[in-house]
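One structure below.
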Amino acid sequence: MLFLIGSIILTSYLTLSFKLVERFRLNTFQCIVFNYIACVITGSFVNGSFPIEVKTVAEHWFPWALLMGASFISIFNIIGYSTQKIGVAVVSVANKLSLVIPFVFSIYLYKEPVTFLKGFGLVVALIAVALTCWPKPSSESHRHNFAFFLLPIVLFFSSGLLDTMVKYVEQAFLNESNNNAYLITAFAAAGSAGIIGLLIQVARGKQTISWKAMLMGAAIGIPNYFSIWCLVKVLKEHSDNSSAIIPINNMGIVLFSTIVAFLLFKEKLSWINWIGVVLSLGAIALIAFG
């Protein structure tokens with residue numbers, strides 16, 4: 001339970017931290033890149049040494065770490081681009097509704113039993129997320145263009161498949177001895193891709209390195225590492241019930257982020273949003289105990 005709470009709080013912090021990136025007008029891409037560098041340094045410190053060696057390439061999980069790293073940075077940039085094109089509300093809905101994908105895969109791949117209450121809880125969860133993120137009438141997220149329809153679909157599947165990948169790799173390849181090495185390799189892959197992209201932009205004169213972005217990247221990266229570390233830990237502890245863990249984790253993030261944003265950033269919630277928050281609590285209970 002402690003690792004689950006840690007995953008929810010730390011992942012929520014990541015979402016909320018990008019509000020500070022926007023408020024301080026920092027370069028989002030640089031913050032993302034430096035975040036992954038901080039993840040690698042943090043993971044190496046936790047591991048006691050930098051675990052990536054020549055023999056790491058031969059590990060069965062190595063291709064999955066590269067794929068996961070590419071997914072990390074790609075999804076972050078999809079979220080940023082989508083937010084600019086279609087608004088935060090639609091992006092939030094697409095990202096959090098993706099919990100249905102790992103739920104279905106866990107049932108199909110690992111033959112986990114599904115009770116009526118757990119299935120009903122998932123339906124309530126989908127409704128709750130949609131209501132929690134429901135845009136205000138004045139929202140600009142209803143611009144009916146190609147991006148409005150395509151980008152949420154891409155984000156939906158990419159986020160869902162990433163959660164599914166985390167579960168599959170944890171189940172198939174990871175243990176206490178290689179858990180940190182896998183995570184650090186994945187973050188290093190994301191960071192390497194980001195550094196290459198950043199250096200290209202700097203060479204072309206489109207960007208200059210910002211020390212403020214470095215500091216914010218570190219402030220994001222340290223919790224980012226432990227958010228994934230906690231998620232892998234809780235999946236390992238409850239390997240026979242991952243169809244419930246991932247939806248509970250995602251719903252907890254929605255609920256916690258919404259409440260903190262309301263309290264700290266004074267985000268106004270409509271009565272529809274508050275219905276979603278209440279339904280979130282019910283969905284978590286149904287999925288957890290159903």
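We label chains A, B, ... in the order they appear in the structure tokens, count residues from 1 in each chain, and number ligands from 1 in the order shown.
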
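Residue neighbourhood of Leu286 of chain A, excluding near-sequence residues (fewer than 5 positions): Leu117, Lys118 and Gly121 of chain A, at 7 Å, using only C-alpha atoms.
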
I need the chosen residues saved as a PDB file, in the first residue's frame, with C-alpha atoms.
```
ATOM      1  CA  LEU A 117     -18.012  -5.249  -8.968  1.00  0.00           C
ATOM      2  CA  LYS A 118     -14.516  -4.837 -10.445  1.00  0.00           C
ATOM      3  CA  GLY A 121     -15.863  -0.147 -10.986  1.00  0.00           C
TER       4      GLY A 121
END
```

Hey, what's within 12 Å of Phe29 of chain A if we count only C-alpha atoms and toss same-chain stuff fewer than 2 positions away? As a PyMOL selection string, please? chain A and resi 18+21-22+25-27+31-36+73-74+76-81+191+193-195+197-199+201+207-210+213-214+216-217

Contacts of segment 109-199 of chain A with segment 47-70 of chain A up to 6 Å, shortest pair per row, only C-alpha atoms, as CSV:
```
residue,atom,partner,partner_atom,distance
A:Ala181,CA,A:Pro51,CA,5.4
A:Thr185,CA,A:Ala65,CA,6.0
A:Ala186,CA,A:Gly69,CA,4.4
A:Phe187,CA,A:Gly69,CA,5.6
A:Ala189,CA,A:Gly69,CA,4.9
A:Ala190,CA,A:Gly69,CA,4.3
```

Quick check for you: according to DSSP on this backbone, which residues of segment 74-267 of chain A are classed as helix (DSSP H, G or I)? Reply as number ranges by chain. A: 74-86, 88-97, 100-110, 116-132, 146-172, 179-203, 211-237, 242-264

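Closest approach to Ser239 of chain A among A:Phe265, A:Tyr110, A:Phe157, A:Phe116 is made by A:Tyr110 (distances from only C-alpha atoms).
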
Selected residue of minimal separation from Val124 of chain A among A:Ser71, A:Gln30, A:Val100, A:Lys206, counting only C-alpha atoms: A:Val100

Nearby residues (only C-alpha atoms) at most 12 Å from Gly6 of chain A, same-chain spacing under 3 positions excluded, as a PyMOL selection string: chain A and resi 1-3+9-13+223-234+249+252-253+256

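Every protein or nucleic acid residue with an atom no more than 8 Å from Asp163 of chain A, counting only C-alpha atoms and leaving out same-chain residues fewer than 5 positions away, appears here: A:Leu99, A:Pro102, A:Ile246.
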
Could those selected residues go to a file with C-alpha atoms, as a PDB file, in the first residue's frame?
```
ATOM      1  CA  LEU A  99      -6.301   2.814 -17.904  1.00  0.00           C
ATOM      2  CA  PRO A 102      -3.694  -2.400 -19.191  1.00  0.00           C
ATOM      3  CA  ILE A 246      -3.139   0.143 -12.501  1.00  0.00           C
TER       4      ILE A 246
END
```

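One finds atom CA of Ala219 of chain A at 26.5 Å from atom CA of Glu170 of chain A.
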